[in-house]
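Undergrad: Shown below is the structure under consideration.
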Amino acid sequence: MGWQEIAALIVVFAPGVAAAVAGLGQRVLGDRGAMAITTGLVLAAAGAAASLFFPLVFGTHAEGAHHETLVLATWIDVGPIVADWAIRMDTLSIVMMFVVTSVSALVHIYSISYMEEDPHRARFFAYLSLFTFAMLMLVTADNFIQLFFGWEGVGLASYLLIGFWYKKPSANSAAIKAFVVNRVGDFGFALGIMALAFMLRAPDQFLNPDGSVGADYLALLGVDKFSSVKFDTLFGAIRADALVQPFGAATAVPIQSVTFEFLGQYVYGLEIVGFLLFIGAMGKSAQFLLHTWLPDAMEGPTPVSALIHAATMVTAGVFLVCRCSPVYEHTVVAADIITVIGAVTCFFAATIGLAQNDIKRVIAYSTCSQLGYMFFAAGLGAYEAAMFHLFTHAFFKALLFLSAGAVIHGLHHEQDMRNMGGLRTKMPITWGMMVIGTLALTGVGLPAVEGLHLGFAGFFSKDAIIETAYASHDTFAPLAFWLSIGAAVLTSFYSWRLILMTFHGRTRADHHTFDHAHDAPVVMLIPLGLLAVGAVFAGGVFYDAFVEHHNEAFWAGSIYRGEDNHVLHERHYVPLWVLLAPAAAWVSGLLAALYFYGLRAGLGARIAASGGPLHSFLSRKWYFDELYNFVFVRGAALLGDLFWKVGDRAVIDGLGPDGLTAAAKAGAGGLSRLHTGYLFHYALVILLSAVAIGAFILFGQGRG
Amino acid sequence: MTLISDLQIAAPEILLSGFALVALLVGAFAGDGSSRFLRAFSTVVLALASLLAFRQVALPPEAAFGGLYQTSEFTSFAKGVVYAIGAGALFMSGGAVRRDGMERYEFPLLMIFASFGAGVMLSAGDLMSLYMGVECLSLSSYVLAAFLRDDLRSSEAGLKYFVLGALASGLLLYGASLVYGFAGSTRFDQIADAPYSIGLVFGLVLMICGLAFKASAAPFHIWTPDVYEGGPSPVVAFFATAPKIAAVVVFANVLFSAFGVMEDQWALIVAVLAAASMLIGAFGALNQNNIKRLLAYSSIGNVGFALIGVAAGETFGTSSILVYMTIYVVATLGLFGGVLAMRRDGKNVELISDLNGLSRMKPALAIALTALVFSVAGIPPLAGFFGKLMVFRAGLQADLLWLVIVGVISSVVSLGYYLRIIWAIWGKEPAAALDPVDFGVGVTVVASTVITFPVLVIWIGGLINATSFAAAG
């Protein structure tokens with residue numbers, strides 16, 4: 001076992017141990033003990049992850065990163081379904097490990113100060129570590145089952161943390177909403193795994209007499225053991241376009257040509273699998289139609305929003321799509337759906353962000369929008385660009401959230417930007433951090449200068465995506481391109497609006513709050529500083545490795561691209577105006593924000609007060625909550641009422657428990673009346689019974 | 001066959017009858033003052049007889065006294081349980097006997113005679129000895145039921161029991177004479193060889209009616225609630241346990257050994273009796289507030305469950321009957337220990353509401369009674385569950401699915417009143433405090449609880465093996 005394996009074990013299990021110890025032993029350890037153990041172990045995990053990640057980028061390992069899977073134990077072994085507990089150590093996993101553990105460690109440190117006054121700190125830290133562990137199980141899975149385990153684990157941790165302040169009714173309902181909406185997605189995901197297990201079956205002619213899969217088939221797939229839920233088996237089969245024979249099918253068909261009848265249409269099997277898996281990704285990553293839970297999730301403590309609902313968990317959907325790049329490279333419809341949903345989300349969420357007043361909700365919609373960028377990049381085949389944006393976004397979005405947390409902390413839990421303003425002098429460091437985050441988010445940098453990597457993190461990753469959208473030949477690429485340009489304008493507008501409303505102008509906070517406003521303590525500022533370094537440099541430093549010259553060597557096959565997918569290369573040949581368009585977008589957004597909230601301060605508030613239809617449409621979030629409430633919640637309640645009142649109460653209870661007990665009581669009453677206590681009645685019963693039995697036998701004889 | 005070997009074969013019964021005759025003389029001369037001593041001695045002798053009977057389980061079946069008397073593993077095991085349970089019932093009766101004015105030397109001796117009668121009818125190889133045993137048990141029981149002769153309810157119970165019992169004995173005797181007339185013999189093995197005739201069937205039917213009365217199977221159960229309610233509690237504790245298993249096993253033994261070839265004729269009757277007993281036991285108890293009456297219906301229902309084993313026939317049912325009845329009588333003995341413990345201000349109380357809040361007054365007794373009630377109701381992991389499992393399995397093996405379904409439904413319904421007891425013990429506010437529990441009652445309740453859980457649960461495989469001789473032999 002080399003140092004990589006040991007490091008991987010530390011990365012995955014240190015947070016798990018931390019969660020178990022802090023969660024089960026919080027009474028013994030006390031708050032300080034629990035915080036020290038969780039933070040220390042997660043820091044160790046982050047160190048170990050860094051030791052895996054940096055050699056990939058800078059070290060000698062850059063050529064041909066070593067790909068291996070550390071199998072810890074076999075979990076399920078049933079015929080063709082074999083799932084191990086494993087740590088897959090390819091570039092994709094290692095990038096995610098680094099992002100998850102580094103942001104998690106910083107959030108742990110930040111929370112020590114942020115949650116200082118909370119009586120349940122130990123529980124909070126245990127949940128944070130539990131989340132980290134589950135997320136690491138997710139990203140290191142080598143099969144869909146373990147991935148699903150982690151997927152549900154992070155969902156659980158998210159639910160627990162959104163509802164952490166369980167005495168607040170709004171937090172409870174937000175937690176339930178997040179859980180329920182994710183169930184919709186997870187249902188699709190589970191169906192996707194089942195469809196895969198159904199489709200991916202070795203053909204009869206390759207089976208040994210004992211039912212095991214023959215060696216020549218295994219060699220074709222390039223695996224040691226056949227398992228329909230393992231990535232290697234599936235990807236090997238797709239690459240080789242191997243014959244598969246779905247359950248119940250008479251003949252074997254190449255996997256890329258397998259079709260199923262679905263709603264009267266014949267659909268390719270891979271399209272179905274890809275589509276269903278994407279449904280899961282939509283739920284987890286809050287994409288259009290399943291996005292409603294993410295803004296409400298801001299009811300959780302702010303460090304949670306930074307870690308789970310910005311930097312890591314919500315990007316799991318993007319990770320899943322990139323992990324399944326071999327599937328999406330051989331689908332047309334599923335990939336197009338991803339592109340369209342991603343493009344729509346990136347624009348749609350940005351429009352809502354314009355009209356929100358809660359500082360965290362603005363950033364939440366921004367997250368939603370940025371996830372849309374990642375998705376349509378992946379849908380267009382630029383998985384590397386999607387992962388790159390995921391990587392940089394983790395830093396600057398965590399920075400924005402934690403800065404917002406510092407503001408909220410400094411104002412004693414005030415989150416409404418209408419009650420802020422003028423805070424720059426009171427909290428200059430926080431202001432600086434927030435500006436750095438905003439510059440990174442809006443993608444400020446020096447475009448169109450070859451070889452000179454000058455710009456904030458978001459500049460590199462976002463512009464790469466926008467260029468890709470222009471260069472791609474996909475039908476929906478122009479839609480994605482124009483929506484993403486539009487979203488960039490809006491992003492810049494709402495981000496600067498946030499800065500201006502919070503830090504500039506005359507204060508709207510009450511005297512007491514404003515006088516006591518102050519920068520956060522140093523324990524909170526350190527993580528902010530480190531994230532700011534990431535927000536500034538993560539783009540330029542890692543640009544080459546992720547999407548430029550070294551990307552083939554860096555990814556080392558962990559992301560698959562079809563033979564005719566050169567979109568990442570073709571983006572170098574886009575016209576100059578495409579390179580300048582994002583810069584124009586952020587400049588125009590900035591100017592508009594300055595006009596509305598700087599020069600003519602109060603104009604925005606007046607527009608909001610006038611209650612115009614466009615503003616209310618945006619501030620009510622396109623009425624999605626109302627629509628879902630009406631269709632699903634009310635509909636489900638009506639249906640439930642029907643089943644409850646008519647089905648359960650009248651039919652089942654009436655004829656079942658209630659009816660039966662009534663009948664039993666009546667029967668018992670009748671029996672009691674038979675017991676008169678008179679001896680001659682008893683004798684009569686006995687004699688009549690004897691006669692009846694005798695008659696029964698006699699007539700039985702006659703019949704027989 | 002020598003006399004010595006005959007006596008050896010009948011050793012448990014010889015011991016009991018010899019002791020009883022001597023003790024009768026002692027009592028007649030020493031008067032009621034010797035009652036305590038005789039009761040203690042009788043307990044020991046019953047326990048000894050139980051040991052002797054269990055020893056015979058391992059011996060090969062033998063006949064004695066010209067075929068009037070025969071042993072088999074099936075009946076020897078039942079006899080062992082009968083005597084042991086009888087000893088337990090006598091052991092815990094002490095306090096109640098003293099306080100309720102039953103301290104007479106006849107009391108233990110009548111228990112001995114009743115047990116002796118049960119032993120004889122179990123060992124019967126002939127209609128004559130069967131009838132002798134039944135009558136010996138019955139006559140002793142009538143007297144025991146009316147033992148509190150100054151008490152109106154006790155006398156009424158004794159009288160009702162006597163009149164109806166005489167009627168049932170008449171049916172049994174009439175059936176026996178018909179069988180003798182058509183089969184030409186009173187010996188079981190010769191009846192089994194007799195040619196089929198409608199008269200023989202009619203005799204069989206009448207005998208089933210008589211035996212069903214003794215086992216209190218519906219619709220011949222009708223005396224049971226009144227006698228249980230009116231009889232003195234220590235006596236009812238005995239009725240509900242030792243004679244109960246004896247009656248069920250005799251029922252099975254007569255049908256299996258004398259009428260085995262006619263199984264087609266009687267299996268359906270027995271199945272109908274079983275179904276009726278289970279349903280009446282379940283529904284009849286729902287409205288009862290008196291715990292002794294409730295336990296009477298419970299015993300009717302449980303006899304019904306045991307009769308599933310009888311209806312399943314010799315091949316499938318034998319073991320299940322013994323397992324079921326053994327577990328049942330052990331738990332029932334403990335439950336009646338609980339009834340004996342229900343005294344307030346020196347008086348017996350018998351309503352379910354008198355158990356209110358027992359969990360807070362006497363937690364140990366409350367836990368024991370809860371375990372016993374759950375066992376009788378057949379809730380896993382208590383022993384009673386395995387008993388029910390065994391009879392249901394036997395029923396399924398004999399293709400009596402409908403009967404098993406009736407059994408399951410009755411089980412569910414009967415939970416309705418078992419849970420009322422539990423609810424009173426744990427869920428209600430305490431009533432006035434109960435008097436302290438007698439030593440003998442305490443020991444018996446604890447022993448019966450420990451046997452029900454966990455001893456018989458752990459040893460259930462052993463019990464099933466120990467009673468599976470019929471299938472093996």
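Quick note on naming: the chains in the structure tokens go A, B, ... in the order shown, residues restart at 1 in each chain, and ligands are numbered from 1 in order of appearance.
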Contacts from chain B to chain A, 10 Å maximum, only C-alpha atoms: show me the residue list as JSON, numbers by chain.
TA: {"B": [159, 160, 161, 163, 164, 165, 167, 168, 171, 198, 201, 202, 203, 204, 205, 206, 207, 208, 209, 210, 213, 218, 219, 220, 221, 222, 223, 225, 226, 265, 266, 268, 269, 272, 273, 280, 281, 282, 283, 284, 285, 286, 287, 288, 413, 416]}
Undergrad: Please dump the current selection as a PDB file, in the first residue's frame; keep C-alpha atoms.
TA:
```pdb
ATOM      1  CA  LEU B 159     -74.330 -28.406  41.805  1.00  0.00           C
ATOM      2  CA  LYS B 160     -74.339 -27.205  38.214  1.00  0.00           C
ATOM      3  CA  TYR B 161     -71.120 -29.018  37.549  1.00  0.00           C
ATOM      4  CA  VAL B 163     -75.793 -32.236  37.178  1.00  0.00           C
ATOM      5  CA  LEU B 164     -74.282 -31.363  33.828  1.00  0.00           C
ATOM      6  CA  GLY B 165     -71.333 -33.671  34.491  1.00  0.00           C
ATOM      7  CA  LEU B 167     -75.443 -35.779  31.871  1.00  0.00           C
ATOM      8  CA  ALA B 168     -72.135 -35.879  30.082  1.00  0.00           C
ATOM      9  CA  LEU B 171     -73.590 -39.605  27.104  1.00  0.00           C
ATOM     10  CA  ILE B 198     -73.219 -47.098  11.686  1.00  0.00           C
ATOM     11  CA  VAL B 201     -70.068 -44.364  14.530  1.00  0.00           C
ATOM     12  CA  PHE B 202     -72.994 -43.345  16.668  1.00  0.00           C
ATOM     13  CA  GLY B 203     -71.253 -44.656  19.742  1.00  0.00           C
ATOM     14  CA  LEU B 204     -68.194 -42.694  18.742  1.00  0.00           C
ATOM     15  CA  VAL B 205     -70.214 -39.510  18.376  1.00  0.00           C
ATOM     16  CA  LEU B 206     -71.727 -39.867  21.833  1.00  0.00           C
ATOM     17  CA  MET B 207     -68.321 -40.604  23.347  1.00  0.00           C
ATOM     18  CA  ILE B 208     -66.896 -37.503  21.664  1.00  0.00           C
ATOM     19  CA  CYS B 209     -69.711 -35.459  23.203  1.00  0.00           C
ATOM     20  CA  GLY B 210     -68.940 -36.809  26.649  1.00  0.00           C
ATOM     21  CA  PHE B 213     -67.664 -31.887  27.966  1.00  0.00           C
ATOM     22  CA  ALA B 218     -67.612 -25.834  22.605  1.00  0.00           C
ATOM     23  CA  PRO B 219     -70.541 -26.399  22.393  1.00  0.00           C
ATOM     24  CA  PHE B 220     -70.139 -28.519  25.531  1.00  0.00           C
ATOM     25  CA  HIS B 221     -68.309 -25.718  27.294  1.00  0.00           C
ATOM     26  CA  ILE B 222     -71.369 -24.117  28.720  1.00  0.00           C
ATOM     27  CA  TRP B 223     -70.720 -25.099  32.322  1.00  0.00           C
ATOM     28  CA  PRO B 225     -67.699 -19.949  32.967  1.00  0.00           C
ATOM     29  CA  ASP B 226     -70.170 -20.481  35.796  1.00  0.00           C
ATOM     30  CA  GLN B 265     -65.440 -39.891  10.518  1.00  0.00           C
ATOM     31  CA  TRP B 266     -64.255 -37.943  13.501  1.00  0.00           C
ATOM     32  CA  LEU B 268     -64.316 -33.196  10.754  1.00  0.00           C
ATOM     33  CA  ILE B 269     -66.333 -33.295  13.995  1.00  0.00           C
ATOM     34  CA  VAL B 272     -65.819 -28.206  13.973  1.00  0.00           C
ATOM     35  CA  LEU B 273     -65.537 -28.475  17.758  1.00  0.00           C
ATOM     36  CA  ILE B 280     -66.571 -18.822  21.402  1.00  0.00           C
ATOM     37  CA  GLY B 281     -63.456 -18.511  23.530  1.00  0.00           C
ATOM     38  CA  ALA B 282     -62.455 -15.381  21.615  1.00  0.00           C
ATOM     39  CA  PHE B 283     -65.788 -13.633  21.363  1.00  0.00           C
ATOM     40  CA  GLY B 284     -67.257 -14.772  24.648  1.00  0.00           C
ATOM     41  CA  ALA B 285     -64.502 -13.214  26.684  1.00  0.00           C
ATOM     42  CA  LEU B 286     -64.739  -9.767  25.111  1.00  0.00           C
ATOM     43  CA  ASN B 287     -67.513  -8.606  27.419  1.00  0.00           C
ATOM     44  CA  GLN B 288     -66.278 -10.168  30.640  1.00  0.00           C
ATOM     45  CA  VAL B 413     -59.885 -11.274  18.381  1.00  0.00           C
ATOM     46  CA  GLY B 416     -58.788  -7.735  22.382  1.00  0.00           C
TER      47      GLY B 416
END
```
Undergrad: I'd like the neighbourhood of stretch 467-484 of chain A as number ranges by chain, where a residue qualifies if any of its atoms comes within 8 Å (using only C-alpha atoms), though same-chain residues fewer than 6 positions away should be ignored.
TA: A: 336, 339-340, 343-344, 346-347, 373, 376-377, 380, 382, 567-568, 570-574, 578-579
Undergrad: Near B:Trp402, within 12 Å and counting only C-alpha atoms, which residues show up once chain neighbours fewer than 2 positions away are dropped, as JSON, numbers by chain?
TA: {"B": [268, 271, 272, 274, 275, 308, 392, 395, 396, 398, 399, 400, 404, 405, 406, 407, 408, 409]}
Undergrad: Counting only C-alpha atoms, what is within 7 Å of A:Gly222, bar same-chain residues fewer than 3 positions away, as a PyMOL selection string?
TA: chain A and resi 218-219+236
Undergrad: For B:Tyr69, work out the shell of residues within 8 Å, counting only C-alpha atoms and skipping chain neighbours fewer than 5 positions away, then give it as a PDB file with all heavy atoms, in the first residue's frame.
TA:
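Dumped everything to result_19.pdb:
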```pdb
ATOM      1  N   ALA B  10     -48.005 -49.530  36.542  1.00  0.00           N
ATOM      2  CA  ALA B  10     -48.954 -48.549  37.083  1.00  0.00           C
ATOM      3  C   ALA B  10     -48.379 -47.814  38.281  1.00  0.00           C
ATOM      4  O   ALA B  10     -49.137 -47.267  39.087  1.00  0.00           O
ATOM      5  CB  ALA B  10     -50.251 -49.252  37.457  1.00  0.00           C
ATOM      6  N   ALA B  63     -48.694 -53.047  28.344  1.00  0.00           N
ATOM      7  CA  ALA B  63     -50.066 -53.188  28.829  1.00  0.00           C
ATOM      8  C   ALA B  63     -50.036 -53.951  30.146  1.00  0.00           C
ATOM      9  O   ALA B  63     -49.144 -54.763  30.389  1.00  0.00           O
ATOM     10  CB  ALA B  63     -50.933 -53.912  27.815  1.00  0.00           C
ATOM     11  N   ALA B  64     -51.013 -53.652  30.979  1.00  0.00           N
ATOM     12  CA  ALA B  64     -51.085 -54.344  32.260  1.00  0.00           C
ATOM     13  C   ALA B  64     -52.530 -54.631  32.588  1.00  0.00           C
ATOM     14  O   ALA B  64     -53.441 -54.093  31.940  1.00  0.00           O
ATOM     15  CB  ALA B  64     -50.457 -53.485  33.353  1.00  0.00           C
ATOM     16  N   VAL B 120     -55.519 -42.390  35.648  1.00  0.00           N
ATOM     17  CA  VAL B 120     -56.130 -43.648  35.210  1.00  0.00           C
ATOM     18  C   VAL B 120     -56.751 -43.488  33.831  1.00  0.00           C
ATOM     19  O   VAL B 120     -56.590 -44.335  32.960  1.00  0.00           O
ATOM     20  CB  VAL B 120     -57.178 -44.118  36.249  1.00  0.00           C
ATOM     21  CG1 VAL B 120     -58.009 -45.268  35.677  1.00  0.00           C
ATOM     22  CG2 VAL B 120     -56.498 -44.541  37.532  1.00  0.00           C
ATOM     23  N   SER B 123     -54.208 -43.602  31.264  1.00  0.00           N
ATOM     24  CA  SER B 123     -53.577 -44.899  31.042  1.00  0.00           C
ATOM     25  C   SER B 123     -54.558 -45.952  30.556  1.00  0.00           C
ATOM     26  O   SER B 123     -54.181 -47.107  30.399  1.00  0.00           O
ATOM     27  CB  SER B 123     -52.942 -45.396  32.343  1.00  0.00           C
ATOM     28  OG  SER B 123     -52.261 -44.373  32.988  1.00  0.00           O
ATOM     29  N   ALA B 124     -55.807 -45.549  30.360  1.00  0.00           N
ATOM     30  CA  ALA B 124     -56.810 -46.552  30.038  1.00  0.00           C
ATOM     31  C   ALA B 124     -56.513 -47.215  28.704  1.00  0.00           C
ATOM     32  O   ALA B 124     -56.161 -46.562  27.738  1.00  0.00           O
ATOM     33  CB  ALA B 124     -58.191 -45.901  30.010  1.00  0.00           C
ATOM     34  N   GLY B 125     -56.689 -48.542  28.676  1.00  0.00           N
ATOM     35  CA  GLY B 125     -56.586 -49.276  27.424  1.00  0.00           C
ATOM     36  C   GLY B 125     -57.910 -49.928  27.109  1.00  0.00           C
ATOM     37  O   GLY B 125     -58.001 -50.788  26.235  1.00  0.00           O
ATOM     38  N   ASP B 126     -58.919 -49.505  27.841  1.00  0.00           N
ATOM     39  CA  ASP B 126     -60.196 -50.192  27.782  1.00  0.00           C
ATOM     40  C   ASP B 126     -61.275 -49.193  28.163  1.00  0.00           C
ATOM     41  O   ASP B 126     -61.040 -48.269  28.954  1.00  0.00           O
ATOM     42  CB  ASP B 126     -60.164 -51.340  28.797  1.00  0.00           C
ATOM     43  CG  ASP B 126     -61.359 -52.261  28.662  1.00  0.00           C
ATOM     44  OD1 ASP B 126     -62.469 -51.803  29.000  1.00  0.00           O
ATOM     45  OD2 ASP B 126     -61.169 -53.400  28.215  1.00  0.00           O
ATOM     46  N   SER B 129     -61.903 -49.015  32.066  1.00  0.00           N
ATOM     47  CA  SER B 129     -60.967 -48.250  32.899  1.00  0.00           C
ATOM     48  C   SER B 129     -61.021 -46.768  32.522  1.00  0.00           C
ATOM     49  O   SER B 129     -60.823 -45.911  33.383  1.00  0.00           O
ATOM     50  CB  SER B 129     -59.543 -48.787  32.744  1.00  0.00           C
ATOM     51  OG  SER B 129     -59.221 -48.966  31.388  1.00  0.00           O
TER      52      SER B 129
END
```
Undergrad: Can you tell me how far atom CA of B:Tyr328 sits from atom CA of B:Ile367, in Å to one decimal?
TA: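 Going from atom CA of B:Tyr328 over to atom CA of B:Ile367, I get 18.0 Å.
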Undergrad: Got a sec: who's within 12 Å of A:Glu329, counting only C-alpha atoms, leaving out chain neighbours fewer than 2 positions off, as a VMD selection string?
TA: chain A and resid 235 238 to 239 256 270 to 271 274 321 to 327 331 to 336 378 to 383 559 to 566
Undergrad: At what distance in Å, to one decimal, does atom CA of A:Leu289 lie from atom CA of A:Gly353?
TA: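 The value is 16.2 Å.
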Undergrad: Between A:Thr502, A:Leu490, A:Gly458, A:Tyr266, which residue has the minimum interatomic distance to A:Asp358, considering only C-alpha atoms?
TA: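 Among the listed residues, A:Thr502 lies closest to A:Asp358.
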Undergrad: Find the spatial neighbours of A:Pro295, counting only C-alpha atoms, within a cut-off of 10 Å - ignore same-chain residues fewer than 5 positions away - and output them as a ChimeraX atom specification.
TA: /A:174,178,286,305,309,358,360-368
Undergrad: Pull N, CA, C and O atoms from the residues just selected and write them as a PDB file, in the first residue's frame.
TA:
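Full text of out_35.pdb as output:
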```pdb
ATOM      1  N   ALA A 174     -38.601  23.951   5.591  1.00  0.00           N
ATOM      2  CA  ALA A 174     -37.588  23.997   4.538  1.00  0.00           C
ATOM      3  C   ALA A 174     -36.857  22.661   4.445  1.00  0.00           C
ATOM      4  O   ALA A 174     -36.589  22.155   3.349  1.00  0.00           O
ATOM      5  N   ALA A 178     -36.814  20.307   1.169  1.00  0.00           N
ATOM      6  CA  ALA A 178     -35.590  19.845   0.520  1.00  0.00           C
ATOM      7  C   ALA A 178     -35.610  18.330   0.384  1.00  0.00           C
ATOM      8  O   ALA A 178     -35.272  17.774  -0.660  1.00  0.00           O
ATOM      9  N   ALA A 286     -30.568  21.167  -7.876  1.00  0.00           N
ATOM     10  CA  ALA A 286     -31.572  22.235  -7.910  1.00  0.00           C
ATOM     11  C   ALA A 286     -31.713  22.854  -9.284  1.00  0.00           C
ATOM     12  O   ALA A 286     -31.670  24.075  -9.429  1.00  0.00           O
ATOM     13  N   SER A 305     -24.933  26.570   4.392  1.00  0.00           N
ATOM     14  CA  SER A 305     -25.235  27.043   3.040  1.00  0.00           C
ATOM     15  C   SER A 305     -23.963  27.085   2.212  1.00  0.00           C
ATOM     16  O   SER A 305     -23.959  26.725   1.038  1.00  0.00           O
ATOM     17  N   HIS A 309     -24.835  23.781   0.327  1.00  0.00           N
ATOM     18  CA  HIS A 309     -25.752  24.300  -0.671  1.00  0.00           C
ATOM     19  C   HIS A 309     -25.089  25.287  -1.608  1.00  0.00           C
ATOM     20  O   HIS A 309     -25.748  26.098  -2.234  1.00  0.00           O
ATOM     21  N   ASP A 358     -33.356  39.093   0.556  1.00  0.00           N
ATOM     22  CA  ASP A 358     -32.603  38.333   1.562  1.00  0.00           C
ATOM     23  C   ASP A 358     -31.208  38.080   1.015  1.00  0.00           C
ATOM     24  O   ASP A 358     -31.050  37.506  -0.076  1.00  0.00           O
ATOM     25  N   LYS A 360     -28.897  36.018   1.664  1.00  0.00           N
ATOM     26  CA  LYS A 360     -28.519  34.633   1.359  1.00  0.00           C
ATOM     27  C   LYS A 360     -29.277  34.083   0.164  1.00  0.00           C
ATOM     28  O   LYS A 360     -28.761  33.270  -0.598  1.00  0.00           O
ATOM     29  N   ARG A 361     -30.517  34.534   0.005  1.00  0.00           N
ATOM     30  CA  ARG A 361     -31.294  34.031  -1.133  1.00  0.00           C
ATOM     31  C   ARG A 361     -30.723  34.510  -2.453  1.00  0.00           C
ATOM     32  O   ARG A 361     -30.757  33.790  -3.458  1.00  0.00           O
ATOM     33  N   VAL A 362     -30.201  35.729  -2.468  1.00  0.00           N
ATOM     34  CA  VAL A 362     -29.569  36.213  -3.689  1.00  0.00           C
ATOM     35  C   VAL A 362     -28.435  35.272  -4.076  1.00  0.00           C
ATOM     36  O   VAL A 362     -28.325  34.826  -5.224  1.00  0.00           O
ATOM     37  N   ILE A 363     -27.621  34.919  -3.092  1.00  0.00           N
ATOM     38  CA  ILE A 363     -26.487  34.031  -3.395  1.00  0.00           C
ATOM     39  C   ILE A 363     -26.980  32.635  -3.736  1.00  0.00           C
ATOM     40  O   ILE A 363     -26.397  31.935  -4.558  1.00  0.00           O
ATOM     41  N   ALA A 364     -28.073  32.226  -3.120  1.00  0.00           N
ATOM     42  CA  ALA A 364     -28.607  30.900  -3.425  1.00  0.00           C
ATOM     43  C   ALA A 364     -29.049  30.811  -4.874  1.00  0.00           C
ATOM     44  O   ALA A 364     -28.746  29.846  -5.577  1.00  0.00           O
ATOM     45  N   TYR A 365     -29.768  31.858  -5.343  1.00  0.00           N
ATOM     46  CA  TYR A 365     -30.177  31.826  -6.753  1.00  0.00           C
ATOM     47  C   TYR A 365     -28.970  31.920  -7.652  1.00  0.00           C
ATOM     48  O   TYR A 365     -28.939  31.343  -8.747  1.00  0.00           O
ATOM     49  N   SER A 366     -27.968  32.634  -7.204  1.00  0.00           N
ATOM     50  CA  SER A 366     -26.736  32.692  -7.972  1.00  0.00           C
ATOM     51  C   SER A 366     -26.130  31.294  -8.106  1.00  0.00           C
ATOM     52  O   SER A 366     -25.682  30.893  -9.182  1.00  0.00           O
ATOM     53  N   THR A 367     -26.155  30.533  -7.017  1.00  0.00           N
ATOM     54  CA  THR A 367     -25.638  29.165  -7.067  1.00  0.00           C
ATOM     55  C   THR A 367     -26.401  28.344  -8.093  1.00  0.00           C
ATOM     56  O   THR A 367     -25.831  27.641  -8.926  1.00  0.00           O
ATOM     57  N   CYS A 368     -27.709  28.444  -8.013  1.00  0.00           N
ATOM     58  CA  CYS A 368     -28.577  27.730  -8.937  1.00  0.00           C
ATOM     59  C   CYS A 368     -28.171  28.061 -10.375  1.00  0.00           C
ATOM     60  O   CYS A 368     -28.034  27.182 -11.231  1.00  0.00           O
TER      61      CYS A 368
END
```
Undergrad: If I take atom CA of A:Arg183 and atom CA of A:Ala19, how far is one from the other in Å, to one decimal?
TA: 24.4 Å
